[in-house]
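Below is structure28.tsv, holding TSV, C-alpha atoms and all ligand atoms.
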chain	number	residue	atom	x	y	z
K	1	MET	CA	-35.84	-57.93	-22.63
K	2	LYS	CA	-37.02	-55.61	-19.94
K	3	PRO	CA	-34.70	-52.72	-19.09
K	4	THR	CA	-33.09	-53.21	-15.69
K	5	SER	CA	-31.77	-50.45	-13.44
K	6	LYS	CA	-28.31	-51.25	-14.85
K	7	HIS	CA	-29.57	-50.58	-18.36
K	8	LEU	CA	-31.17	-47.35	-17.25
K	9	ALA	CA	-27.95	-46.23	-15.58
K	10	LEU	CA	-26.05	-47.04	-18.78
K	11	ILE	CA	-28.53	-45.07	-20.91
K	12	LEU	CA	-28.30	-42.16	-18.48
K	13	LEU	CA	-24.51	-42.25	-18.63
K	14	CYS	CA	-24.61	-42.26	-22.46
K	15	LEU	CA	-27.01	-39.32	-22.42
K	16	ILE	CA	-24.72	-37.36	-20.11
K	17	LEU	CA	-21.65	-38.20	-22.18
K	18	PHE	CA	-23.30	-37.17	-25.43
K	19	ALA	CA	-25.27	-34.25	-24.08
K	20	ALA	CA	-22.32	-32.69	-22.29
K	21	PRO	CA	-20.22	-32.18	-25.43
K	22	VAL	CA	-23.22	-30.81	-27.34
K	23	TYR	CA	-23.67	-28.31	-24.53
K	24	SER	CA	-19.93	-27.66	-24.51
K	25	VAL	CA	-19.49	-27.08	-28.18
K	26	VAL	CA	-22.50	-25.01	-29.13
K	27	PRO	CA	-23.69	-22.98	-26.17
K	28	GLU	CA	-24.15	-20.09	-28.58
K	29	ASP	CA	-27.36	-19.06	-26.87
K	30	GLY	CA	-26.82	-18.93	-23.18
K	31	ARG	CA	-23.07	-18.46	-23.45
K	32	PHE	CA	-23.67	-14.93	-22.17
K	33	PRO	CA	-26.01	-14.27	-19.25
K	34	LYS	CA	-29.22	-12.40	-20.05
K	35	ASP	CA	-29.57	-8.73	-19.14
K	36	PRO	CA	-32.34	-7.62	-16.80
K	37	LYS	CA	-35.21	-5.48	-18.04
K	38	VAL	CA	-33.74	-2.03	-17.68
K	39	ALA	CA	-34.82	1.01	-19.68
K	40	VAL	CA	-32.14	1.85	-22.24
K	41	VAL	CA	-30.71	5.36	-22.02
K	42	PRO	CA	-29.73	6.47	-25.56
K	43	GLU	CA	-27.48	9.25	-24.25
K	44	PHE	CA	-25.40	6.70	-22.30
K	45	ASN	CA	-25.18	4.45	-25.35
K	46	SER	CA	-23.98	7.32	-27.53
K	47	TYR	CA	-20.57	7.31	-25.80
K	48	PHE	CA	-19.80	3.84	-27.18
K	49	LYS	CA	-18.05	4.12	-30.54
K	50	ALA	CA	-17.55	1.56	-33.30
K	51	ASP	CA	-13.76	1.31	-33.14
K	52	TYR	CA	-10.47	2.61	-31.75
K	53	LYS	CA	-10.22	5.34	-34.38
K	54	SER	CA	-13.60	6.92	-33.68
K	55	SER	CA	-13.18	6.51	-29.90
K	56	ARG	CA	-9.83	8.28	-30.12
K	57	ALA	CA	-11.19	11.01	-32.40
K	58	ASP	CA	-13.99	11.76	-29.91
K	59	PHE	CA	-11.50	11.77	-27.02
K	60	LEU	CA	-9.25	14.26	-28.84
K	61	LYS	CA	-12.22	16.44	-29.82
K	62	ARG	CA	-13.46	16.65	-26.24
K	63	ALA	CA	-9.95	17.31	-24.95
K	64	GLY	CA	-9.67	20.17	-27.44
K	65	GLU	CA	-12.95	21.64	-26.22
K	66	LEU	CA	-11.93	21.39	-22.56
K	67	ALA	CA	-8.57	23.00	-23.39
K	68	LYS	CA	-10.47	26.09	-24.52
K	69	VAL	CA	-12.27	26.36	-21.19
K	70	PHE	CA	-9.58	25.38	-18.65
K	71	LYS	CA	-6.15	26.94	-18.31
K	72	GLY	CA	-2.89	24.97	-18.41
K	73	THR	CA	-4.18	21.74	-19.96
K	74	ASN	CA	-1.82	19.54	-21.93
K	75	LEU	CA	-2.61	16.94	-24.59
K	76	ILE	CA	0.23	14.54	-25.40
K	77	ALA	CA	0.15	11.81	-28.05
K	78	LEU	CA	2.66	9.02	-27.39
K	79	PRO	CA	3.13	6.99	-30.59
K	80	VAL	CA	3.26	3.22	-30.16
K	81	PRO	CA	5.53	1.53	-32.72
K	82	SER	CA	3.79	-1.12	-34.81
K	83	LYS	CA	4.47	-3.23	-37.88
K	84	LEU	CA	0.82	-2.89	-38.87
K	85	SER	CA	-0.18	0.73	-38.32
K	86	ALA	CA	1.35	4.18	-37.98
K	87	ASP	CA	-1.76	5.47	-36.19
K	88	LEU	CA	-1.53	3.90	-32.75
K	89	PHE	CA	-1.18	6.30	-29.84
K	90	VAL	CA	-1.52	6.48	-26.10
K	91	ASP	CA	-3.15	9.88	-25.61
K	92	VAL	CA	-2.64	11.67	-22.34
K	93	PHE	CA	-4.77	14.65	-21.38
K	94	TYR	CA	-3.94	16.67	-18.29
K	95	ILE	CA	-6.24	19.23	-16.69
K	96	PRO	CA	-4.67	21.01	-13.70
K	97	ALA	CA	-6.37	21.73	-10.40
K	98	ILE	CA	-7.50	25.34	-10.16
K	99	LYS	CA	-6.82	26.45	-6.56
K	100	SER	CA	-4.75	23.90	-4.65
K	101	THR	CA	-3.00	20.66	-5.59
K	102	ALA	CA	-4.48	18.19	-3.12
K	103	ASN	CA	-5.36	15.35	-5.51
K	104	LEU	CA	-4.46	14.08	-8.94
K	105	LEU	CA	-7.10	11.75	-10.33
K	106	ILE	CA	-5.54	9.44	-12.93
K	107	ILE	CA	-8.10	7.66	-15.11
K	108	SER	CA	-6.77	5.11	-17.61
K	109	CYS	CA	-8.39	2.81	-20.14
K	110	GLY	CA	-7.47	0.20	-22.72
K	111	THR	CA	-4.76	-1.39	-20.58
K	112	HIS	CA	-6.29	-4.49	-22.10
K	113	GLY	CA	-6.79	-3.11	-25.62
K	114	ILE	CA	-10.21	-4.54	-26.51
K	115	GLU	CA	-11.62	-3.39	-23.15
K	116	GLY	CA	-11.00	0.16	-24.37
K	117	PHE	CA	-14.44	0.46	-26.00
K	118	THR	CA	-16.06	0.76	-22.60
K	119	GLY	CA	-13.12	2.48	-20.88
K	120	SER	CA	-12.92	5.16	-23.55
K	121	ALA	CA	-16.71	5.66	-23.43
K	122	LEU	CA	-16.49	6.12	-19.65
K	123	GLN	CA	-13.60	8.58	-19.93
K	124	ARG	CA	-15.54	10.70	-22.41
K	125	MET	CA	-18.62	10.60	-20.19
K	126	ILE	CA	-16.45	11.85	-17.30
K	127	MET	CA	-15.00	14.59	-19.53
K	128	GLU	CA	-18.49	15.76	-20.35
K	129	LYS	CA	-20.17	15.49	-16.96
K	130	PHE	CA	-17.49	15.87	-14.30
K	131	ILE	CA	-14.81	18.22	-15.58
K	132	THR	CA	-16.23	21.35	-13.95
K	133	PRO	CA	-14.57	24.29	-12.15
K	134	GLU	CA	-16.15	23.09	-8.90
K	135	ASN	CA	-14.71	19.55	-9.21
K	136	LEU	CA	-11.30	20.88	-10.26
K	137	GLU	CA	-10.81	23.28	-7.35
K	138	GLN	CA	-8.29	21.06	-5.61
K	139	THR	CA	-8.17	18.09	-7.98
K	140	GLY	CA	-6.25	17.77	-11.23
K	141	VAL	CA	-7.22	15.05	-13.71
K	142	LEU	CA	-4.96	12.98	-15.94
K	143	PHE	CA	-6.69	10.88	-18.57
K	144	ILE	CA	-4.69	8.08	-20.18
K	145	HIS	CA	-6.53	6.93	-23.30
K	146	ALA	CA	-5.77	3.46	-24.73
K	147	LEU	CA	-2.69	2.21	-22.93
K	148	ASN	CA	-2.71	-0.62	-25.47
K	149	PRO	CA	-3.96	0.97	-28.72
K	150	TYR	CA	-2.89	-2.05	-30.81
K	151	GLY	CA	-5.26	-4.32	-28.86
K	152	PHE	CA	-8.04	-1.73	-29.01
K	153	ASN	CA	-7.62	-1.35	-32.80
K	154	TYR	CA	-7.17	-5.04	-33.59
K	155	LEU	CA	-9.60	-6.37	-30.97
K	156	ARG	CA	-7.12	-8.19	-28.80
K	157	ARG	CA	-6.59	-7.99	-25.08
K	158	VAL	CA	-2.80	-8.03	-25.47
K	159	THR	CA	-0.27	-5.88	-27.33
K	160	GLU	CA	1.33	-6.58	-30.70
K	161	ASN	CA	4.02	-8.51	-28.79
K	162	ASN	CA	1.33	-10.71	-27.18
K	163	ILE	CA	1.97	-8.92	-23.89
K	164	ASP	CA	-0.66	-8.40	-21.24
K	165	MET	CA	-0.03	-4.74	-20.30
K	166	ASN	CA	-1.47	-5.33	-16.85
K	167	ARG	CA	1.36	-7.80	-16.15
K	168	ASN	CA	4.10	-5.65	-17.74
K	169	CYS	CA	4.07	-2.57	-15.49
K	170	ASP	CA	6.95	-1.99	-13.10
K	171	THR	CA	10.07	0.12	-12.70
K	172	SER	CA	12.51	-2.76	-12.27
K	173	PRO	CA	13.21	-5.46	-14.88
K	174	GLU	CA	13.31	-7.92	-11.99
K	175	LEU	CA	9.62	-8.34	-12.77
K	176	PHE	CA	10.59	-10.48	-15.75
K	177	SER	CA	12.42	-13.05	-13.64
K	178	ASN	CA	9.21	-13.92	-11.76
K	179	LYS	CA	8.54	-17.65	-12.06
K	180	ASN	CA	5.01	-18.99	-12.04
K	181	ASP	CA	5.31	-22.75	-11.50
K	182	GLY	CA	1.56	-23.27	-11.29
K	183	TYR	CA	1.25	-21.88	-14.80
K	184	SER	CA	3.95	-24.18	-16.17
K	185	LYS	CA	1.98	-27.18	-14.89
K	186	LEU	CA	-1.11	-25.99	-16.77
K	187	TYR	CA	0.74	-24.80	-19.85
K	188	THR	CA	-0.50	-27.37	-22.36
K	189	PHE	CA	-4.08	-27.06	-21.11
K	190	ILE	CA	-4.24	-23.28	-21.59
K	191	ASN	CA	-1.98	-23.00	-24.61
K	192	PRO	CA	-2.85	-25.67	-27.20
K	193	ASP	CA	-0.61	-25.42	-30.28
K	194	LYS	CA	-2.90	-26.49	-33.12
K	195	PRO	CA	-5.33	-24.47	-35.28
K	196	ALA	CA	-8.31	-23.50	-33.11
K	197	SER	CA	-11.38	-25.63	-33.69
K	198	LEU	CA	-14.73	-25.63	-31.89
K	199	GLY	CA	-15.17	-29.24	-32.98
K	200	SER	CA	-11.87	-30.49	-31.55
K	201	CYS	CA	-11.96	-32.97	-28.69
K	202	SER	CA	-10.22	-30.52	-26.38
K	203	ASN	CA	-12.95	-27.93	-26.96
K	204	VAL	CA	-15.86	-30.33	-27.06
K	205	PHE	CA	-14.78	-31.68	-23.68
K	206	PHE	CA	-13.37	-28.39	-22.41
K	207	VAL	CA	-15.66	-28.12	-19.40
K	208	GLU	CA	-15.08	-31.75	-18.44
K	209	ARG	CA	-11.30	-31.37	-18.77
K	210	ALA	CA	-11.37	-28.17	-16.73
K	211	ILE	CA	-13.48	-29.82	-14.03
K	212	MET	CA	-10.89	-32.61	-13.77
K	213	LYS	CA	-8.22	-29.95	-13.23
K	214	ILE	CA	-10.40	-28.22	-10.63
K	215	LEU	CA	-10.93	-31.52	-8.80
K	216	LYS	CA	-7.17	-32.03	-8.71
K	217	ALA	CA	-6.23	-28.53	-7.60
K	218	THR	CA	-9.32	-26.43	-6.57
K	219	MET	CA	-10.62	-23.37	-8.35
K	220	PRO	CA	-8.75	-20.65	-6.39
K	221	VAL	CA	-5.39	-22.40	-6.95
K	222	LEU	CA	-6.10	-22.74	-10.68
K	223	ARG	CA	-7.36	-19.18	-10.98
K	224	GLN	CA	-4.26	-17.85	-9.25
K	225	ALA	CA	-1.87	-19.94	-11.40
K	226	VAL	CA	-3.47	-18.89	-14.65
K	227	LEU	CA	-4.27	-15.24	-13.97
K	228	GLN	CA	-1.36	-13.98	-11.89
K	229	GLY	CA	0.85	-13.52	-14.98
K	230	GLN	CA	3.85	-15.35	-16.45
K	231	TYR	CA	7.15	-14.28	-17.98
K	232	GLN	CA	8.34	-17.52	-19.57
K	233	TYR	CA	6.08	-18.21	-22.54
K	234	PRO	CA	5.78	-15.36	-25.10
K	235	GLU	CA	3.02	-17.11	-27.04
K	236	GLY	CA	1.07	-18.02	-23.90
K	237	LEU	CA	-1.87	-16.35	-22.21
K	238	TYR	CA	-1.14	-13.71	-19.54
K	239	PHE	CA	2.42	-13.19	-20.79
K	240	GLY	CA	3.92	-10.18	-19.01
K	241	GLY	CA	6.86	-9.75	-21.42
K	242	LYS	CA	10.60	-10.03	-21.18
K	243	GLU	CA	11.04	-6.27	-21.34
K	244	PHE	CA	8.85	-3.19	-20.89
K	245	GLU	CA	6.51	-2.22	-23.69
K	246	PRO	CA	7.55	1.04	-25.44
K	247	GLN	CA	4.45	3.01	-24.39
K	248	LEU	CA	5.25	2.28	-20.77
K	249	ILE	CA	8.73	3.72	-21.15
K	250	ALA	CA	7.27	6.79	-22.88
K	251	LEU	CA	4.55	7.23	-20.26
K	252	ARG	CA	6.75	7.04	-17.16
K	253	PRO	CA	8.21	10.60	-17.30
K	254	VAL	CA	4.75	12.04	-18.01
K	255	LEU	CA	3.25	10.23	-15.03
K	256	THR	CA	6.14	11.23	-12.79
K	257	LYS	CA	6.00	14.88	-13.86
K	258	TYR	CA	2.31	15.42	-13.14
K	259	SER	CA	2.12	13.15	-10.09
K	260	ALA	CA	4.95	15.11	-8.44
K	261	LEU	CA	2.76	18.23	-8.42
K	262	TYR	CA	0.08	16.73	-6.15
K	263	GLU	CA	-0.17	15.58	-2.55
K	264	ARG	CA	-2.29	12.52	-3.21
K	265	LEU	CA	-2.80	10.31	-6.26
K	266	VAL	CA	-6.12	8.63	-6.90
K	267	GLN	CA	-5.98	6.12	-9.72
K	268	ILE	CA	-8.78	4.38	-11.57
K	269	ASP	CA	-7.94	1.82	-14.25
K	270	LEU	CA	-11.00	0.80	-16.28
K	271	HIS	CA	-11.54	-2.83	-17.28
K	272	THR	CA	-14.28	-5.15	-18.50
K	273	GLY	CA	-14.81	-8.91	-18.44
K	274	TYR	CA	-14.49	-9.86	-14.79
K	275	GLY	CA	-17.41	-10.59	-12.50
K	276	GLU	CA	-21.18	-10.55	-12.53
K	277	ARG	CA	-22.65	-9.32	-15.80
K	278	GLY	CA	-23.68	-5.68	-15.85
K	279	LYS	CA	-22.23	-5.03	-12.39
K	280	MET	CA	-19.37	-2.76	-11.46
K	281	HIS	CA	-16.70	-4.42	-9.33
K	282	LEU	CA	-14.10	-2.60	-7.24
K	283	PHE	CA	-11.14	-4.85	-7.52
K	284	PRO	CA	-7.84	-3.44	-6.19
K	285	ASN	CA	-4.65	-5.43	-5.71
K	286	PRO	CA	-4.06	-5.91	-1.93
K	287	ALA	CA	-3.42	-2.58	-0.18
K	288	LYS	CA	0.28	-2.08	0.52
K	289	THR	CA	-0.35	-0.23	3.80
K	290	PRO	CA	-3.27	0.11	6.26
K	291	GLU	CA	-3.41	3.82	5.33
K	292	ILE	CA	-4.09	2.98	1.68
K	293	LYS	CA	-6.79	0.55	2.76
K	294	THR	CA	-8.47	3.16	4.97
K	295	ALA	CA	-8.23	5.87	2.28
K	296	THR	CA	-9.72	3.48	-0.29
K	297	GLU	CA	-12.58	2.50	2.00
K	298	LYS	CA	-13.29	6.17	2.70
K	299	LEU	CA	-13.27	7.21	-0.95
K	300	TYR	CA	-15.47	4.29	-2.00
K	301	GLU	CA	-17.66	4.31	1.10
K	302	GLY	CA	-20.80	2.25	0.63
K	303	TYR	CA	-19.28	0.10	-2.11
K	304	LYS	CA	-18.20	-3.50	-1.78
K	305	ILE	CA	-14.45	-3.74	-2.32
K	306	ASP	CA	-12.96	-7.11	-3.38
K	307	TRP	CA	-9.87	-6.98	-1.18
K	308	GLY	CA	-8.98	-10.58	-1.34
K	309	ASN	CA	-10.84	-12.20	1.48
K	310	ASN	CA	-13.25	-14.02	-0.80
K	311	LYS	CA	-12.81	-17.20	-2.79
K	312	ASP	CA	-12.88	-15.49	-6.20
K	313	PHE	CA	-9.82	-13.48	-5.43
K	314	TYR	CA	-6.50	-13.54	-7.24
K	315	THR	CA	-3.42	-11.30	-7.19
K	316	ILE	CA	-1.35	-10.25	-10.16
K	317	THR	CA	2.18	-9.04	-10.84
K	318	GLY	CA	3.06	-6.04	-13.01
K	319	ASP	CA	-0.30	-4.27	-12.84
K	320	PHE	CA	-0.65	-0.64	-13.79
K	321	SER	CA	-1.48	0.63	-10.29
K	322	ASN	CA	1.64	-1.11	-9.01
K	323	LEU	CA	3.69	0.98	-11.45
K	324	ILE	CA	2.42	4.31	-10.16
K	325	SER	CA	3.18	3.45	-6.54
K	326	LYS	CA	6.72	2.40	-7.53
K	327	LEU	CA	7.33	5.43	-9.73
K	328	ILE	CA	6.42	7.90	-7.04
K	329	PRO	CA	7.39	6.37	-3.70
K	330	GLY	CA	6.38	8.09	-0.50
K	331	LYS	CA	3.23	9.61	-1.94
K	332	GLN	CA	-0.23	8.64	-0.83
K	333	ILE	CA	-1.75	6.60	-3.61
K	334	VAL	CA	-5.27	5.22	-3.78
K	335	PRO	CA	-5.25	2.76	-6.69
K	336	MET	CA	-8.39	1.08	-7.96
K	337	THR	CA	-9.23	-1.30	-10.76
K	338	LEU	CA	-12.83	-1.04	-11.89
K	339	GLU	CA	-14.20	-4.10	-13.63
K	340	PHE	CA	-17.52	-4.34	-15.42
K	341	GLY	CA	-18.72	-7.94	-15.59
K	342	THR	CA	-19.92	-9.51	-18.81
K	343	MET	CA	-19.98	-13.31	-18.43
K	344	ASP	CA	-20.69	-13.95	-14.76
K	345	SER	CA	-17.08	-15.04	-14.42
K	346	GLN	CA	-17.50	-15.16	-10.64
K	347	LYS	CA	-19.37	-18.42	-11.23
K	348	THR	CA	-17.56	-21.60	-12.25
K	349	MET	CA	-19.27	-21.99	-15.63
K	350	GLY	CA	-18.86	-18.30	-16.55
K	351	SER	CA	-15.24	-18.47	-15.53
K	352	LEU	CA	-14.63	-21.58	-17.66
K	353	ARG	CA	-16.37	-20.06	-20.67
K	354	SER	CA	-14.28	-16.89	-20.29
K	355	ILE	CA	-11.02	-18.78	-20.17
K	356	GLN	CA	-12.10	-21.01	-23.06
K	357	ASN	CA	-12.77	-17.89	-25.17
K	358	MET	CA	-9.34	-16.56	-24.34
K	359	ILE	CA	-7.60	-19.87	-25.06
K	360	LEU	CA	-9.36	-20.17	-28.43
K	361	GLU	CA	-8.52	-16.58	-29.38
K	362	ASN	CA	-4.85	-16.94	-28.47
K	363	GLU	CA	-4.66	-20.31	-30.23
K	364	GLY	CA	-6.35	-18.88	-33.34
K	365	PHE	CA	-4.02	-15.90	-33.37
K	366	HIS	CA	-0.86	-18.02	-33.23
K	367	TYR	CA	-1.84	-21.16	-35.12
K	368	GLY	CA	-4.81	-20.04	-37.22
K	369	TYR	CA	-8.37	-21.37	-37.23
K	370	LYS	CA	-9.38	-24.79	-38.49
K	371	ASN	CA	-12.47	-23.37	-40.19
K	372	LYS	CA	-14.32	-20.12	-40.85
K	373	ARG	CA	-17.11	-20.93	-38.41
K	374	THR	CA	-14.70	-21.27	-35.50
K	375	GLU	CA	-12.96	-18.03	-36.45
K	376	ARG	CA	-16.24	-16.14	-36.76
K	377	LYS	CA	-17.66	-17.47	-33.50
K	378	VAL	CA	-14.47	-17.01	-31.46
K	379	LYS	CA	-13.98	-13.41	-32.62
K	380	GLU	CA	-17.64	-12.65	-31.95
K	381	TRP	CA	-17.49	-14.19	-28.45
K	382	VAL	CA	-14.30	-12.38	-27.53
K	383	LEU	CA	-15.69	-9.02	-28.62
K	384	GLU	CA	-18.95	-9.66	-26.75
K	385	MET	CA	-17.00	-10.74	-23.69
K	386	TYR	CA	-15.03	-7.50	-23.48
K	387	SER	CA	-17.37	-5.07	-25.19
K	388	PRO	CA	-20.98	-6.22	-24.98
K	389	SER	CA	-23.18	-4.82	-27.74
K	390	SER	CA	-26.24	-4.86	-25.48
K	391	PRO	CA	-27.70	-1.34	-24.98
K	392	VAL	CA	-28.98	-2.50	-21.56
K	393	TRP	CA	-25.48	-3.55	-20.47
K	394	ARG	CA	-24.07	-0.24	-21.68
K	395	THR	CA	-26.78	1.70	-19.88
K	396	MET	CA	-26.12	-0.19	-16.62
K	397	VAL	CA	-22.37	0.41	-16.86
K	398	MET	CA	-22.83	4.13	-17.43
K	399	GLU	CA	-25.46	4.52	-14.68
K	400	GLN	CA	-23.23	2.90	-12.07
K	401	SER	CA	-20.20	4.89	-13.22
K	402	VAL	CA	-22.01	8.23	-13.07
K	403	LYS	CA	-23.04	7.42	-9.50
K	404	LEU	CA	-19.53	6.34	-8.53
K	405	MET	CA	-17.80	9.33	-10.13
K	406	ASP	CA	-20.28	11.63	-8.43
K	407	GLN	CA	-19.12	10.19	-5.10
K	408	VAL	CA	-15.41	10.23	-6.00
K	409	PHE	CA	-15.38	13.85	-7.18
K	410	GLY	CA	-17.59	14.78	-4.21
K	411	LYS	CA	-15.18	13.22	-1.70
K	412	LEU	CA	-12.17	14.86	-3.37
K	413	ARG	CA	-13.72	18.32	-3.13
J	1	ZN	ZN	-8.78	-6.00	-18.17

Using structure tokens, write down the structure that the file contains.
Ligand SMILES: [Zn+2]
Amino acid sequence: MKPTSKHLALILLCLILFAAPVYSVVPEDGRFPKDPKVAVVPEFNSYFKADYKSSRADFLKRAGELAKVFKGTNLIALPVPSKLSADLFVDVFYIPAIKSTANLLIISCGTHGIEGFTGSALQRMIMEKFITPENLEQTGVLFIHALNPYGFNYLRRVTENNIDMNRNCDTSPELFSNKNDGYSKLYTFINPDKPASLGSCSNVFFVERAIMKILKATMPVLRQAVLQGQYQYPEGLYFGGKEFEPQLIALRPVLTKYSALYERLVQIDLHTGYGERGKMHLFPNPAKTPEIKTATEKLYEGYKIDWGNNKDFYTITGDFSNLISKLIPGKQIVPMTLEFGTMDSQKTMGSLRSIQNMILENEGFHYGYKNKRTERKVKEWVLEMYSPSSPVWRTMVMEQSVKLMDQVFGKLR
């Protein structure tokens, strides 16, 4: 029997059906985009430490050294209660402006714990290169190290209470009555309740299932529903809590005290995982006033700012920059979230792989892993997604940050 075009179509369909899951389940090579050929800078790589403990130790050491040089500094360790460790702290280091109090630059990291590897490295680079008498003339600096030390230490994005710190920040508990109906509709898709398995049907056909959802709703609608934050499902992804996390309550008076001393607050919260790999993204929540927008555009002149007029945009509730503007009303605040991309999550496939990693990790945490291979791969992917081991990636992140901080400190002078 000669193959007809019908037969060929059937064979093609079979190939697609069988090839797609193979691609879905084991894209171990190619799951992360390749880095360009960039010369590695060992000095830049040296800021990246192996864990929370050594990152914190280096932060405290550098703070101690700066305290010897600059007058009036203050180093505060806010303990974060934990059932697992007595050594989790949010460390705050304040260096006052020398002549006048025009600006307070607030630089925070580890809001999403595991992203703290890069954020902490960047903070320590800034401590070494930019804390100079010239830069401090009319600018004070407040470093907040590891807003979520549990997640940093135990390699999770969320806190010990499964809370996304960047959805938990506000001054009013009204935040927790926010309803996210879009999320409820997607609940079972993003929060499976069985032991995580790379071989399960839902993971083998993850991309296909996600594409069906996209066809039904469109990508921006889905992205918004999933990422904006939710306050109903404590075991779910992007859970913003039902009450404020203890470190937030402890941090509020510190933030208020130092912010009150300055005319203008410039905030930078350091993140990883969103956007084009190896690229720095300026990603603020929508500006509350035209003045904030203008001040932001002036400070970051020459940089592309993702304000929300492009298709990849989403807004969130309870973010850290939102907290500062609510704590200190009436003050000029220039908040910024800096993201360093790792998985090309601005593209559909990168975005789906990112969310699949997060689903698997959350599922594994709550319901265990079906086998060792899944556990090993998922943990490896999640760490690579938030803290790439690539020396090229680390070099690129540092290079762009040095350039940006040079501009920021320059404009604040
Ligand atoms: Zn983040």

Write out as a ChimeraX atom specification the residues lying within 7 Å of segment 264-280 of chain K, counting only C-alpha atoms and excluding same-chain residues fewer than 5 positions away. /K:33,102-109,115,119,259,331-346,385-386,393,396-397,400

Go ahead and save the picked residues with C-alpha atoms, as an mmCIF file, in the frame of the given file.
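Saved file again_12.cif follows:
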data_model
loop_
_atom_site.group_PDB
_atom_site.id
_atom_site.type_symbol
_atom_site.label_atom_id
_atom_site.label_comp_id
_atom_site.auth_asym_id
_atom_site.auth_seq_id
_atom_site.Cartn_x
_atom_site.Cartn_y
_atom_site.Cartn_z
ATOM 1 C CA PRO K 33 -26.010 -14.270 -19.250
ATOM 2 C CA ALA K 102 -4.480 18.190 -3.120
ATOM 3 C CA ASN K 103 -5.360 15.350 -5.510
ATOM 4 C CA LEU K 104 -4.460 14.080 -8.940
ATOM 5 C CA LEU K 105 -7.100 11.750 -10.330
ATOM 6 C CA ILE K 106 -5.540 9.440 -12.930
ATOM 7 C CA ILE K 107 -8.100 7.660 -15.110
ATOM 8 C CA SER K 108 -6.770 5.110 -17.610
ATOM 9 C CA CYS K 109 -8.390 2.810 -20.140
ATOM 10 C CA GLU K 115 -11.620 -3.390 -23.150
ATOM 11 C CA GLY K 119 -13.120 2.480 -20.880
ATOM 12 C CA SER K 259 2.120 13.150 -10.090
ATOM 13 C CA LYS K 331 3.230 9.610 -1.940
ATOM 14 C CA GLN K 332 -0.230 8.640 -0.830
ATOM 15 C CA ILE K 333 -1.750 6.600 -3.610
ATOM 16 C CA VAL K 334 -5.270 5.220 -3.780
ATOM 17 C CA PRO K 335 -5.250 2.760 -6.690
ATOM 18 C CA MET K 336 -8.390 1.080 -7.960
ATOM 19 C CA THR K 337 -9.230 -1.300 -10.760
ATOM 20 C CA LEU K 338 -12.830 -1.040 -11.890
ATOM 21 C CA GLU K 339 -14.200 -4.100 -13.630
ATOM 22 C CA PHE K 340 -17.520 -4.340 -15.420
ATOM 23 C CA GLY K 341 -18.720 -7.940 -15.590
ATOM 24 C CA THR K 342 -19.920 -9.510 -18.810
ATOM 25 C CA MET K 343 -19.980 -13.310 -18.430
ATOM 26 C CA ASP K 344 -20.690 -13.950 -14.760
ATOM 27 C CA SER K 345 -17.080 -15.040 -14.420
ATOM 28 C CA GLN K 346 -17.500 -15.160 -10.640
ATOM 29 C CA MET K 385 -17.000 -10.740 -23.690
ATOM 30 C CA TYR K 386 -15.030 -7.500 -23.480
ATOM 31 C CA TRP K 393 -25.480 -3.550 -20.470
ATOM 32 C CA MET K 396 -26.120 -0.190 -16.620
ATOM 33 C CA VAL K 397 -22.370 0.410 -16.860
ATOM 34 C CA GLN K 400 -23.230 2.900 -12.070
#

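With atom CA of Glu65 of chain K on one side and atom CA of His145 of chain K on the other, the separation reads 16.3 Å.
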
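What separates atom CA of Lys34 of chain K from atom CA of Met358 of chain K is a distance of 20.8 Å.
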
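Our summary of the geometry notes that atom CA of Ile76 of chain K is positioned 15.2 Å from atom CA of Asp58 of chain K.
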
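For the residues K:Ile316, K:Ala287, K:Ala57, K:Cys201, ranking by smallest atom-to-atom distance to ligand ZN 1 (chain J) using only C-alpha atoms and all ligand atoms places K:Ile316 first.
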